[in-house]
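Q: One structure, as structure tokens, below. Some questions next.
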Amino acid sequence: MPTYLCRESEDLEYVLSNLEQLVVKEAQGSGGYGMLIGPHASASQIESFRDKIIATPHLYIAQPTLDLSVCPTLNDFGVAERHIDLRPFVLSSPYRTEIVPGGLTRVAMQAGSLVVNSSQGGGVKDTWVIDNLHS
């Protein structure tokens with residue numbers, strides 16, 4: 001995933017010219033706090049974020065907005081389509097790296113939302129790995 005470091009002048013120029021298309025995050029942040037999802041932001045939210053980036057560019061990174069997959073999700077009103085992402089489990093040591101079966105599937109519980117972070121109201125779903133190597 002391309003990541004633009006706003007502390008770099010060339011990246012900063014690109015980010016400021018394309019805020020409405022990017023996800024901008026705090027460089028040291030986590031949990032979905034302090035971020036802008038350009039395609040879902042209002043013009044005033046984008047301009048406010050632009051001012052924050054210009055004031056302290058070293059605090060921000062930006063990435064393209066992902067087209068997240070969707071899956072059926074149970075909610076208070078029945079079953080509805082919600083965006084998901086999969087975080088694979090990767091084990092590493094100085095000697096090897098191994099991707100293990102499974103992972104964490106995070107789900108955006110709000111209709112249309114791309115925010116899957118549990119701290120922002122997201123949830124999790126079971127992740128099934130089907131081994132078809134022996135078919």
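In the structure tokens, chains take letters A, B, ... by order of appearance, with residues numbered from 1 within each chain and ligands from 1 in the order shown.
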Any chance you could list, as a PyMOL selection string, the residues in range 45-113 of chain A that come up alpha helix (DSSP H) when DSSP is run on the backbone?
A: chain A and resi 45-55
Q: If you count only C-alpha atoms, which residues fall within 8 Å of Val116 in chain A, apart from same-chain ones fewer than 4 positions away, as number ranges by chain?
A: A: 83-85, 106-109, 120-123
Q: Show me, as a PDB file with N, CA and C atoms, in the first residue's frame, the residues that have an atom within 10 Å of range 43-59 of chain A when counting only C-alpha atoms, minus same-chain residues fewer than 6 positions from it.
A:
```pdb
ATOM      1  N   LEU A   5       4.426  10.150   3.340  1.00  0.00           N
ATOM      2  CA  LEU A   5       4.911  10.746   4.581  1.00  0.00           C
ATOM      3  C   LEU A   5       4.839  12.264   4.439  1.00  0.00           C
ATOM      4  N   CYS A   6       3.947  12.870   5.159  1.00  0.00           N
ATOM      5  CA  CYS A   6       3.742  14.310   4.999  1.00  0.00           C
ATOM      6  C   CYS A   6       4.957  15.137   5.417  1.00  0.00           C
ATOM      7  N   ARG A   7       5.884  14.535   6.137  1.00  0.00           N
ATOM      8  CA  ARG A   7       7.120  15.253   6.500  1.00  0.00           C
ATOM      9  C   ARG A   7       8.043  15.417   5.290  1.00  0.00           C
ATOM     10  N   GLU A   8       7.812  14.634   4.220  1.00  0.00           N
ATOM     11  CA  GLU A   8       8.592  14.736   2.985  1.00  0.00           C
ATOM     12  C   GLU A   8       7.889  15.731   2.059  1.00  0.00           C
ATOM     13  N   SER A   9       8.602  16.731   1.573  1.00  0.00           N
ATOM     14  CA  SER A   9       7.972  17.821   0.820  1.00  0.00           C
ATOM     15  C   SER A   9       7.210  17.341  -0.411  1.00  0.00           C
ATOM     16  N   LEU A  12       4.072  15.612   0.824  1.00  0.00           N
ATOM     17  CA  LEU A  12       3.165  16.624   1.368  1.00  0.00           C
ATOM     18  C   LEU A  12       2.417  17.334   0.250  1.00  0.00           C
ATOM     19  N   VAL A  15      -0.252  14.972  -1.084  1.00  0.00           N
ATOM     20  CA  VAL A  15      -1.349  14.790  -0.129  1.00  0.00           C
ATOM     21  C   VAL A  15      -2.263  16.012  -0.121  1.00  0.00           C
ATOM     22  N   LEU A  16      -1.680  17.199  -0.033  1.00  0.00           N
ATOM     23  CA  LEU A  16      -2.493  18.417   0.020  1.00  0.00           C
ATOM     24  C   LEU A  16      -3.298  18.619  -1.265  1.00  0.00           C
ATOM     25  N   SER A  17      -2.794  18.125  -2.375  1.00  0.00           N
ATOM     26  CA  SER A  17      -3.503  18.256  -3.655  1.00  0.00           C
ATOM     27  C   SER A  17      -4.571  17.182  -3.856  1.00  0.00           C
ATOM     28  N   LEU A  19      -6.406  15.483  -1.018  1.00  0.00           N
ATOM     29  CA  LEU A  19      -7.032  15.121   0.251  1.00  0.00           C
ATOM     30  C   LEU A  19      -8.394  14.455   0.090  1.00  0.00           C
ATOM     31  N   GLU A  20      -9.154  14.869  -0.901  1.00  0.00           N
ATOM     32  CA  GLU A  20     -10.503  14.315  -1.069  1.00  0.00           C
ATOM     33  C   GLU A  20     -10.495  12.855  -1.530  1.00  0.00           C
ATOM     34  N   VAL A  24      -6.064  10.039   5.619  1.00  0.00           N
ATOM     35  CA  VAL A  24      -4.939  10.672   6.306  1.00  0.00           C
ATOM     36  C   VAL A  24      -5.022  10.297   7.780  1.00  0.00           C
ATOM     37  N   LYS A  25      -3.900   9.829   8.320  1.00  0.00           N
ATOM     38  CA  LYS A  25      -3.847   9.348   9.696  1.00  0.00           C
ATOM     39  C   LYS A  25      -2.715  10.028  10.445  1.00  0.00           C
ATOM     40  N   GLU A  26      -2.841  10.029  11.767  1.00  0.00           N
ATOM     41  CA  GLU A  26      -1.725  10.473  12.596  1.00  0.00           C
ATOM     42  C   GLU A  26      -0.622   9.429  12.469  1.00  0.00           C
ATOM     43  N   ALA A  27       0.597   9.868  12.257  1.00  0.00           N
ATOM     44  CA  ALA A  27       1.720   8.952  12.036  1.00  0.00           C
ATOM     45  C   ALA A  27       1.938   8.010  13.218  1.00  0.00           C
ATOM     46  N   GLN A  28       1.696   8.468  14.418  1.00  0.00           N
ATOM     47  CA  GLN A  28       1.891   7.639  15.608  1.00  0.00           C
ATOM     48  C   GLN A  28       0.568   7.237  16.229  1.00  0.00           C
ATOM     49  N   GLY A  29      -0.525   7.409  15.505  1.00  0.00           N
ATOM     50  CA  GLY A  29      -1.842   7.123  16.050  1.00  0.00           C
ATOM     51  C   GLY A  29      -2.243   5.673  15.886  1.00  0.00           C
ATOM     52  N   GLY A  34      -8.339  10.568  15.057  1.00  0.00           N
ATOM     53  CA  GLY A  34      -7.613  11.646  14.395  1.00  0.00           C
ATOM     54  C   GLY A  34      -7.323  11.398  12.936  1.00  0.00           C
ATOM     55  N   MET A  35      -8.292  10.807  12.211  1.00  0.00           N
ATOM     56  CA  MET A  35      -8.044  10.548  10.797  1.00  0.00           C
ATOM     57  C   MET A  35      -9.123  11.174   9.924  1.00  0.00           C
ATOM     58  N   LEU A  36      -8.767  11.331   8.675  1.00  0.00           N
ATOM     59  CA  LEU A  36      -9.672  11.876   7.672  1.00  0.00           C
ATOM     60  C   LEU A  36      -9.855  10.830   6.580  1.00  0.00           C
ATOM     61  N   ILE A  37     -11.095  10.521   6.250  1.00  0.00           N
ATOM     62  CA  ILE A  37     -11.388   9.665   5.103  1.00  0.00           C
ATOM     63  C   ILE A  37     -11.933  10.600   4.034  1.00  0.00           C
TER      64      ILE A  37
END
```
Q: Between CA of Leu104 in chain A and CA of Gly38 in chain A, what is the distance in Å, rounded to a tenth?
A: 25.5 Å
Q: Work out how far apart CA of Asp67 in chain A and CA of Glu81 in chain A are and give it in Å to one decimal.
A: 14.1 Å
Q: Which residue gives the smallest distance to Leu66 in chain A among A:Gln110, A:Ser93, A:Gln21, A:Ser119, with only C-alpha atoms counted?
A: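 So, comparing all the options, the nearest one is A:Gln21.
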Q: Between A:Ile130, A:Ala41, A:Leu68, A:Ala111, which residue has the minimum interatomic distance to Ala80 in chain A, considering only C-alpha atoms?
A: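 Looking only at the distances to Ala80 in chain A, the closest residue turns out to be A:Ala111.
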Q: Taking into account only C-alpha atoms, which residue in the set A:Thr3, A:Ser118, A:Thr105, A:Ser92 is nearest to Cys71 in chain A?
A: A:Thr105
